[in-house]
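Source file my_file.cif; content: mmCIF, C-alpha atoms.
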```cif
data_start
loop_
_atom_site.label_atom_id
_atom_site.label_comp_id
_atom_site.auth_asym_id
_atom_site.auth_seq_id
_atom_site.Cartn_x
_atom_site.Cartn_y
_atom_site.Cartn_z
CA MET A 167 117.03 113.31 133.56
CA THR A 168 116.98 110.12 131.48
CA VAL A 169 114.11 108.75 129.42
CA LYS A 170 113.95 105.03 128.95
CA THR A 171 111.59 102.41 127.62
CA ILE A 172 110.74 99.41 129.77
CA HIS A 173 109.34 96.27 128.14
CA VAL A 174 106.43 94.94 130.13
CA SER A 175 104.36 92.38 128.16
CA GLN A 176 101.85 91.84 130.92
CA ASN A 177 98.12 91.15 130.61
CA ALA A 178 96.01 94.19 131.52
CA LEU A 179 94.03 92.12 134.00
CA SER A 180 97.03 90.47 135.64
CA ALA A 181 96.72 92.69 138.71
CA ASN A 182 93.16 91.41 139.12
CA ARG A 183 94.32 87.81 138.68
CA GLU A 184 96.89 88.23 141.40
CA ILE A 185 94.29 89.48 143.88
CA ALA A 186 91.97 86.65 142.77
CA GLU A 187 94.68 84.13 143.65
CA GLN A 188 95.11 85.75 147.07
CA ASN A 189 91.34 85.53 147.61
CA ARG A 190 91.43 81.85 146.69
CA ALA A 191 94.24 81.21 149.17
CA LYS A 192 92.27 82.94 151.96
CA LEU A 193 89.17 80.89 151.15
CA ASP A 194 91.19 77.67 151.12
CA ALA A 195 92.85 78.50 154.43
CA ALA A 196 89.42 79.06 156.01
CA GLY A 197 87.96 75.91 154.43
CA VAL A 198 85.38 77.80 152.35
CA VAL A 199 84.21 76.74 148.89
CA ALA A 200 83.11 79.78 146.87
CA LEU A 201 80.84 80.11 143.84
CA ASN A 202 80.75 83.12 141.54
CA LEU A 203 77.14 83.27 140.34
CA MET A 204 76.67 85.14 137.08
CA ALA A 205 73.47 85.76 135.13
CA SER A 206 71.37 88.39 133.43
CA PRO A 207 69.15 90.49 135.75
CA GLY A 208 66.09 88.51 136.82
CA ALA A 209 67.40 85.04 135.97
CA GLY A 210 66.99 83.90 139.57
CA LYS A 211 70.40 84.19 141.24
CA THR A 212 68.99 85.27 144.60
CA SER A 213 66.07 82.82 144.43
CA LEU A 214 68.47 79.92 143.90
CA ILE A 215 70.61 81.12 146.82
CA GLU A 216 67.48 81.39 149.02
CA ARG A 217 66.28 77.88 148.14
CA THR A 218 69.77 76.51 148.82
CA ILE A 219 70.02 78.21 152.23
CA GLU A 220 66.54 76.93 153.21
CA ARG A 221 67.31 73.36 152.16
CA LEU A 222 70.84 73.05 153.53
CA ASP A 223 70.08 74.92 156.76
CA GLY A 224 71.74 73.24 159.74
CA ARG A 225 73.92 71.07 157.47
CA VAL A 226 76.02 73.59 155.51
CA ARG A 227 76.84 77.08 156.80
CA ILE A 228 76.25 79.53 153.97
CA GLY A 229 77.60 83.01 153.38
CA MET A 230 76.73 85.46 150.64
CA ILE A 231 78.41 88.45 149.06
CA ASN A 232 75.75 90.31 147.14
CA SER A 233 76.53 93.01 144.63
CA ASP A 234 74.35 95.58 142.99
CA THR A 235 74.93 98.87 141.26
CA SER A 236 73.20 100.76 144.07
CA ARG A 237 72.99 100.85 147.84
CA ALA A 238 69.71 98.92 147.94
CA ALA A 239 70.66 95.76 149.84
CA ILE A 240 67.47 93.93 148.85
CA ASP A 241 69.15 90.64 147.91
CA ALA A 242 71.50 90.51 150.88
CA GLU A 243 68.48 91.03 153.15
CA ARG A 244 66.65 88.17 151.41
CA ALA A 245 69.64 85.88 152.03
CA GLU A 246 69.85 86.97 155.68
CA ARG A 247 66.16 86.33 156.20
CA ALA A 248 66.68 82.84 154.77
CA GLY A 249 69.42 82.26 157.36
CA ALA A 250 72.76 83.12 155.76
CA VAL A 251 75.38 85.61 156.81
CA ALA A 252 75.43 88.21 154.06
CA VAL A 253 77.22 91.37 153.05
CA HIS A 254 76.05 93.86 150.44
CA LEU A 255 78.52 95.39 148.03
CA ASP A 256 77.56 98.60 146.23
CA THR A 257 79.62 98.85 143.02
CA VAL A 258 78.54 102.49 142.55
CA GLY A 259 77.48 101.89 138.97
CA ARG A 260 80.13 99.43 137.91
CA CYS A 261 78.92 96.61 135.72
CA HIS A 262 80.84 93.70 137.27
CA LEU A 263 82.68 92.57 140.39
CA ASP A 264 86.46 92.48 140.43
CA ALA A 265 88.80 90.60 142.76
CA GLY A 266 89.61 93.71 144.85
CA MET A 267 85.95 94.30 145.68
CA VAL A 268 85.55 90.66 146.69
CA ARG A 269 88.68 90.85 148.86
CA ASP A 270 87.17 93.82 150.74
CA ALA A 271 83.80 92.10 151.10
CA MET A 272 85.45 88.89 152.34
CA ALA A 273 87.13 90.92 155.09
CA CYS A 274 83.63 91.73 156.44
CA LEU A 275 82.61 88.05 156.71
CA PRO A 276 83.42 85.47 159.41
CA LEU A 277 85.03 83.09 156.89
CA ARG A 278 85.83 80.45 159.52
CA ASP A 279 82.10 80.09 160.22
CA ILE A 280 81.20 79.61 156.56
CA ASP A 281 81.33 76.41 154.48
CA LEU A 282 79.79 77.62 151.25
CA LEU A 283 80.09 81.19 149.96
CA PHE A 284 77.87 82.52 147.18
CA ILE A 285 79.23 85.57 145.41
CA GLU A 286 76.31 87.07 143.51
CA ASN A 287 77.74 89.07 140.63
CA ILE A 288 76.09 92.04 138.91
CA GLY A 289 73.27 90.96 136.55
CA ASN A 290 75.15 91.15 133.25
CA LEU A 291 76.20 88.56 130.66
CA VAL A 292 79.17 90.52 129.31
CA CYS A 293 81.70 92.02 131.71
CA PRO A 294 81.68 89.58 134.68
CA ALA A 295 83.12 86.90 132.36
CA SER A 296 86.46 88.75 132.17
CA TRP A 297 87.15 89.21 135.89
CA ARG A 298 88.17 86.23 137.96
CA LEU A 299 87.33 86.67 141.63
CA GLY A 300 89.08 83.75 143.28
CA ALA A 301 85.94 81.61 143.50
CA HIS A 302 86.34 77.86 143.00
CA TRP A 303 83.38 77.59 140.66
CA ASN A 304 82.12 80.03 138.06
CA VAL A 305 78.44 79.28 137.60
CA LEU A 306 76.08 80.76 135.04
CA ILE A 307 72.33 80.87 135.64
CA ALA A 308 70.33 81.05 132.43
CA SER A 309 66.52 81.18 132.46
CA THR A 310 64.03 80.08 129.85
CA PRO A 311 62.27 83.47 129.27
CA GLU A 312 65.62 84.93 128.10
CA GLY A 313 65.37 82.83 124.93
CA ASP A 314 67.52 80.03 123.52
CA ASP A 315 69.87 82.30 121.52
CA LYS A 316 71.91 83.54 124.50
CA PRO A 317 74.90 81.18 124.10
CA TYR A 318 75.31 82.52 120.56
CA LYS A 319 75.09 86.14 121.69
CA TYR A 320 77.26 85.94 124.82
CA PRO A 321 79.89 83.32 123.89
CA LYS A 322 82.54 84.52 126.30
CA MET A 323 80.25 84.03 129.28
CA TYR A 324 79.14 80.55 128.20
CA ASN A 325 82.70 79.61 127.30
CA GLY A 326 84.23 80.56 130.64
CA VAL A 327 81.94 78.90 133.21
CA ASP A 328 82.32 75.59 135.06
CA ALA A 329 78.64 74.83 135.57
CA LEU A 330 75.32 75.96 134.14
CA VAL A 331 71.85 76.26 135.69
CA ILE A 332 68.80 76.57 133.44
CA ASN A 333 66.20 78.14 135.72
CA LYS A 334 62.42 78.57 135.24
CA THR A 335 61.88 75.24 133.49
CA ASP A 336 58.27 75.46 134.75
CA LEU A 337 57.76 78.23 132.16
CA LEU A 338 58.85 76.08 129.19
CA PRO A 339 55.26 75.56 127.93
CA TYR A 340 54.68 79.33 127.86
CA VAL A 341 57.88 80.81 126.41
CA SER A 342 59.81 80.43 123.14
CA PHE A 343 62.79 78.44 124.30
CA ASP A 344 64.12 75.75 121.98
CA LEU A 345 66.13 73.58 124.37
CA ASP A 346 67.88 71.76 121.48
CA ASN A 347 69.12 74.98 119.92
CA PHE A 348 70.24 76.25 123.33
CA THR A 349 72.09 73.01 124.11
CA ARG A 350 73.79 73.01 120.70
CA GLY A 351 75.09 76.52 121.36
CA VAL A 352 76.36 75.59 124.81
CA GLU A 353 78.03 72.40 123.55
CA GLY A 354 79.91 74.36 120.88
CA LEU A 355 81.31 76.75 123.46
CA ASN A 356 81.78 74.53 126.50
CA HIS A 357 81.85 70.84 125.69
CA GLY A 358 80.43 68.57 128.38
CA LEU A 359 79.44 71.43 130.71
CA THR A 360 77.72 70.26 133.93
CA THR A 361 74.12 71.49 133.62
CA PHE A 362 71.24 71.72 136.12
CA PRO A 363 67.79 72.33 134.57
CA LEU A 364 65.54 73.38 137.44
CA SER A 365 62.79 75.67 138.67
CA CYS A 366 63.23 77.65 141.87
CA ARG A 367 59.46 78.23 141.82
CA SER A 368 58.12 74.69 141.36
CA GLY A 369 61.11 72.94 142.94
CA GLU A 370 61.61 70.68 139.92
CA GLY A 371 65.27 69.65 139.49
CA LEU A 372 66.42 71.40 142.68
CA ASP A 373 67.46 68.17 144.42
CA GLN A 374 70.34 67.59 141.99
CA TRP A 375 71.58 71.12 142.66
CA PHE A 376 71.30 70.71 146.44
CA ASP A 377 73.18 67.39 146.25
CA TRP A 378 75.97 69.06 144.30
CA MET A 379 76.17 71.99 146.76
CA ALA A 380 76.30 69.63 149.75
CA SER A 381 78.93 67.45 148.10
CA ILE A 382 81.31 70.29 147.22
CA ALA A 383 80.95 71.72 150.74
CA ASP A 384 81.61 68.30 152.29
CA ARG A 385 84.66 67.66 150.13
CA LYS A 386 86.08 71.05 151.05
CA ALA A 387 85.48 70.43 154.75
CA ALA A 388 87.20 67.02 154.47
CA LEU A 389 90.23 68.69 152.86
CA ALA A 390 90.39 71.44 155.48
CA ARG A 391 90.27 68.99 158.40
CA MET B 10 81.82 100.53 131.62
CA HIS B 11 84.20 97.61 132.17
CA GLU B 12 86.90 99.68 130.47
CA LEU B 13 87.28 101.59 133.76
CA SER B 14 88.58 98.46 135.49
CA VAL B 15 90.79 97.67 132.51
CA VAL B 16 92.52 101.07 132.60
CA GLU B 17 92.97 100.73 136.36
CA GLY B 18 94.72 97.43 135.69
CA ILE B 19 96.91 99.06 133.06
CA ARG B 20 97.83 101.88 135.44
CA GLU B 21 98.73 99.43 138.23
CA ILE B 22 101.05 97.48 135.93
CA ALA B 23 102.68 100.67 134.65
CA LEU B 24 103.20 102.01 138.18
CA LEU B 25 104.69 98.74 139.38
CA HIS B 26 107.26 98.62 136.58
CA ALA B 27 108.03 102.33 136.82
CA ARG B 28 108.63 102.13 140.58
CA SER B 29 110.88 99.10 140.35
CA ALA B 30 112.93 100.96 137.72
CA GLY B 31 113.24 103.95 140.07
CA ALA B 32 111.36 106.20 137.63
CA SER B 33 110.06 109.58 138.75
CA ARG B 34 107.38 109.90 136.09
CA ILE B 35 105.64 107.82 133.41
CA LEU B 36 105.61 109.50 130.00
CA SER B 37 103.64 106.98 127.94
CA VAL B 38 102.13 103.52 128.11
CA ARG B 39 101.78 101.30 125.05
CA VAL B 40 98.88 98.86 125.20
CA VAL B 41 98.07 96.14 122.67
CA ILE B 42 94.46 95.02 122.17
CA ALA B 43 93.51 91.91 120.19
CA GLY B 44 91.10 92.35 117.28
CA PHE B 45 88.50 90.05 118.86
CA SER B 46 88.43 92.05 122.10
CA SER B 47 85.25 93.88 123.10
CA TYR B 48 87.20 96.71 124.76
CA LEU B 49 86.52 100.06 123.11
CA GLU B 50 89.51 102.32 122.52
CA ASP B 51 87.43 105.46 123.05
CA ALA B 52 86.18 104.28 126.41
CA LEU B 53 89.69 103.27 127.53
CA ALA B 54 91.05 106.68 126.53
CA MET B 55 88.18 108.46 128.26
CA PHE B 56 88.95 106.93 131.68
CA TRP B 57 92.75 107.08 131.37
CA ASP B 58 93.49 110.64 132.55
CA GLY B 59 91.13 110.35 135.47
CA VAL B 60 92.59 107.13 136.91
CA CYS B 61 96.18 108.41 136.50
CA ALA B 62 95.71 111.77 138.21
CA THR B 63 97.55 111.99 141.57
CA THR B 64 99.92 109.13 140.61
CA GLU B 65 103.34 109.08 138.88
CA ALA B 66 101.38 108.30 135.71
CA ALA B 67 99.59 111.67 135.71
CA GLY B 68 99.75 113.18 132.24
CA ALA B 69 101.09 109.99 130.66
CA ARG B 70 100.03 109.29 127.08
CA LEU B 71 98.03 106.11 126.46
CA GLU B 72 99.04 104.55 123.14
CA LEU B 73 96.53 101.95 121.98
CA VAL B 74 97.48 99.50 119.25
CA ARG B 75 94.93 97.03 117.89
CA ILE B 76 96.35 93.89 116.30
CA PRO B 77 94.52 90.84 114.90
CA GLY B 78 94.19 88.33 117.73
CA GLU B 79 95.08 84.69 117.31
CA LEU B 80 92.28 82.12 117.40
CA LEU B 81 92.29 78.33 117.22
CA CYS B 82 89.51 76.30 115.57
CA LEU B 83 88.70 73.29 117.76
CA ASP B 84 87.09 71.49 114.82
CA CYS B 85 89.80 71.70 112.16
CA SER B 86 92.75 72.79 114.38
CA ARG B 87 93.53 75.76 112.19
CA ASN B 88 95.17 78.85 113.74
CA TYR B 89 94.03 82.15 112.29
CA ALA B 90 93.82 85.87 112.95
CA GLY B 91 90.46 87.02 114.32
CA VAL B 92 89.45 90.60 113.85
CA LYS B 93 85.67 91.02 113.98
CA GLU B 94 84.55 87.66 112.61
CA LEU B 95 85.37 84.88 115.04
CA ARG B 96 84.13 81.95 112.93
CA CYS B 97 86.81 79.71 111.39
CA PRO B 98 87.53 80.86 107.82
CA GLU B 99 88.43 77.27 106.85
CA CYS B 100 85.48 75.17 108.02
CA GLY B 101 83.00 77.78 109.32
CA SER B 102 82.97 76.30 112.83
CA GLU B 103 82.01 78.49 115.77
CA TRP B 104 83.76 76.17 118.21
CA VAL B 105 86.89 78.25 118.53
CA LYS B 106 89.04 79.52 121.35
CA GLN B 107 91.29 82.53 121.72
CA VAL B 108 94.99 81.76 121.85
CA SER B 109 96.57 85.18 122.22
CA GLU B 110 96.08 87.66 125.06
CA GLU B 111 93.07 89.95 124.81
CA CYS B 112 94.79 93.07 126.08
CA TYR B 113 98.29 93.57 127.45
CA VAL B 114 100.70 96.33 128.43
CA ASP B 115 103.52 96.14 125.89
CA SER B 116 105.93 98.77 127.21
CA ILE B 117 106.17 102.00 129.14
CA ALA B 118 108.39 105.05 128.64
CA VAL B 119 109.59 106.59 131.90
CA GLU B 120 111.74 109.41 133.15
CA THR B 121 114.39 108.52 135.73
CA PRO B 122 116.16 111.04 137.98
CA GLY B 123 119.50 110.65 136.15
CA GLU B 124 122.54 108.49 135.55
CA LEU B 125 123.59 108.71 139.17
CA TYR B 126 120.65 106.47 140.03
CA ASP B 127 120.85 104.36 136.90
CA ARG B 128 122.60 101.08 136.92
#
```

Could I get this structure in the form of structure tokens?
Amino acid sequence: MTVKTIHVSQNALSANREIAEQNRAKLDAAGVVALNLMASPGAGKTSLIERTIERLDGRVRIGMINSDTSRAAIDAERAERAGAVAVHLDTVGRCHLDAGMVRDAMACLPLRDIDLLFIENIGNLVCPASWRLGAHWNVLIASTPEGDDKPYKYPKMYNGVDALVINKTDLLPYVSFDLDNFTRGVEGLNHGLTTFPLSCRSGEGLDQWFDWMASIADRKAALAR
Amino acid sequence: MHELSVVEGIREIALLHARSAGASRILSVRVVIAGFSSYLEDALAMFWDGVCATTEAAGARLELVRIPGELLCLDCSRNYAGVKELRCPECGSEWVKQVSEECYVDSIAVETPGELYDR
């Protein structure tokens, strides 16, 4: 019996990163563009997905992987009613999605019949920021009732995303949300971040979001052809 | 609760290296965590035994070492060690980014079946 020490020097999340890269390769091979939607609970992740499905119906084929900490597939059912193909992922209490869970969920979807895949993460502004899933875009949905201090309190989340939605702009007259202070915080963490102020309820600002969704789906389809 | 996924990642890395070295058992795993990391040592330790049970890492000791992480100020370009306070000690800027790894497996100690199998 021999005891020996092996030097490793490997990031603790490297196993996750590897699976995330495999997920990305599968998505690319099937011509799917995927978005990892992150937000606090109640920010409007599912509402934005619903509006997008309704508007792009017949033009872009949309899939959804929904995750929640329980079996209640409420959000996946909402997406299905709106016309998407959806799968519900029960994390059994876990606070974020990881690449392995997404790999398993992807196996349940007809990827070749999907152009745009929404991966709705667990409502949480902390943990999801650390786990890459293989999605092409990491998108954060903030909402005005949460308050303008969130970039300062959850810097890792704001720092790591590729696009930002500010939902519930129709509530601006009624809630304490200093847009200047919010924007300053975001700028400090993620300079020049693409931002979509909108309201899923009133429809204000949604056109810019729809245009972006359609354009990334089209570009992906052109590449896959 | 994200520490559960972190320890699973640590276990996977340890198992991979142990298997490729032909080890029969993992005795200990040394993990380095940067000062700025939000991972809690207690929570990592709590999940460790559970995720290792039924693998070659069962009973392995988890050694956690916290070191100051390296940060870079994007305003004044200064590199500094971040422990709890992330703000740049030079200019006070909050526009900083982490340069060093947040959490990595440094080394593992393993038991191999003997010199016959060693090369």

* Coordinates-based distance that separates atom CA of Ala271 of chain A from atom CA of Ser206 of chain A (Å, one decimal) -> 21.9 Å

* To do: Specify as a ChimeraX atom specification each residue included when the PyMOL selection byres ((chain B) within 9 of (chain A)) is applied to this file.
  => /B:10-11,13-23,26-27,30,36,40,102-106,110-124,127

* To do: Run the PyMOL selection byres ((chain B and resi 107) around 7) mentally over the shown coordinates, then write out the matched residues as a list in words, using the chain letters and numbers from the document.
  => Glu79, Leu80, Leu81, Val105, Lys106, Val108 and Ser109 of chain B

* Asked: How many Å separate atom CA of Arg350 of chain A from atom CA of Thr335 of chain A?
  ->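 Straight-line distance from atom CA of Arg350 of chain A to atom CA of Thr335 of chain A works out to 17.6 Å.
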
Given the file shown, determine the residues that the PyMOL selection byres ((chain B and resi 92) around 10) selects; report them as a tab-separated table (two decimals) with C-alpha atoms, in the coordinates of the input.
```tsv
chain	number	residue	atom	x	y	z
B	43	ALA	CA	93.51	91.91	120.19
B	44	GLY	CA	91.10	92.35	117.28
B	45	PHE	CA	88.50	90.05	118.86
B	46	SER	CA	88.43	92.05	122.10
B	75	ARG	CA	94.93	97.03	117.89
B	76	ILE	CA	96.35	93.89	116.30
B	77	PRO	CA	94.52	90.84	114.90
B	78	GLY	CA	94.19	88.33	117.73
B	79	GLU	CA	95.08	84.69	117.31
B	80	LEU	CA	92.28	82.12	117.40
B	89	TYR	CA	94.03	82.15	112.29
B	90	ALA	CA	93.82	85.87	112.95
B	91	GLY	CA	90.46	87.02	114.32
B	93	LYS	CA	85.67	91.02	113.98
B	94	GLU	CA	84.55	87.66	112.61
B	95	LEU	CA	85.37	84.88	115.04
```

* Which of these residues is nearest to Tyr48 of chain B, using only C-alpha atoms: B:Leu73, B:Leu25, B:Thr63, B:Ile35? -> B:Leu73

Could you work out an axis-aligned box for segment 96-110 of chain B, taking every atom the file lists and adding 5 Å on each side, and report centre and edge lengths in Å to one decimal, as lines of an AutoDock Vina configuration file?
```
center_x = 89.3
center_y = 81.4
center_z = 116.0
size_x = 24.6
size_y = 22.5
size_z = 28.2
```

* Nearest to Asp328 of chain A among A:Thr361, A:Ala186, A:Trp375, A:Tyr340, with distances taken over all atoms listed in the file: which residue is it? -> A:Thr361

* Between atom CA of Gly326 of chain A and atom CA of Cys97 of chain B, distance in Å (one decimal) ->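 That distance, rounded to one decimal, is 19.4 Å.
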
* To do: Show which residues sit within 10 Å of Leu364 of chain A, as a list in words. Count all atoms listed in the file, and ignore same-chain residues fewer than 6 positions away.
  => Leu214, Ser309, Val331, Ile332, Asn333, Lys334, Thr335, Asp336, Glu370, Gly371, Leu372, Asp373, Gln374 and Trp375 of chain A

* Taking only C-alpha atoms into account, which of A:Val253, A:Ala245, A:Leu291, A:Cys366 comes nearest Ala273 of chain A? ->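 Of all the options, A:Val253 lies closest to Ala273 of chain A.
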
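In this comparison, which uses all atoms listed in the file, the residue of B:Arg70, B:Thr64, B:Ala52, B:Trp57 approaching Ser37 of chain B most closely is B:Arg70.
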
* **Exercise: Val74 of chain B partners within 8 Å, only C-alpha atoms, chain neighbours under 4 positions left out, as a list in words** =>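 That gives Arg39, Val40, Val41 and Ile42 of chain B.
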
* To do: Might you pull out every residue within 12 Å of Glu286 of chain A, with only C-alpha atoms counted and same-chain residues fewer than 3 positions away left off, and present them as a PyMOL selection string?
  => chain A and resi 200-207+209-216+229-234+241-242+245+252-256+262-264+268+271+283+289-290+294+299+301+304-307

* To do: Tell me which of B:Cys100, B:Val38, B:Asp51, B:Asn88 sits closest to Leu71 of chain B, counting all atoms listed in the file.
  => B:Val38

Residue neighbourhood segment 187-189 of chain A, 8 Å, all atoms listed in the file, exclusion window fewer than 3 positions, as a compact mmCIF listing (two decimals) with C-alpha atoms, in the frame of the given file:
```txt
# COMPACT_ATOMS: atom_id res chain seq x y z
CA ARG A 183 94.32 87.81 138.68
CA GLU A 184 96.89 88.23 141.40
CA LYS A 192 92.27 82.94 151.96
CA LEU A 193 89.17 80.89 151.15
CA ALA A 265 88.80 90.60 142.76
CA VAL A 268 85.55 90.66 146.69
CA ARG A 269 88.68 90.85 148.86
CA LEU A 299 87.33 86.67 141.63
CA GLY A 300 89.08 83.75 143.28
CA ALA A 301 85.94 81.61 143.50
```
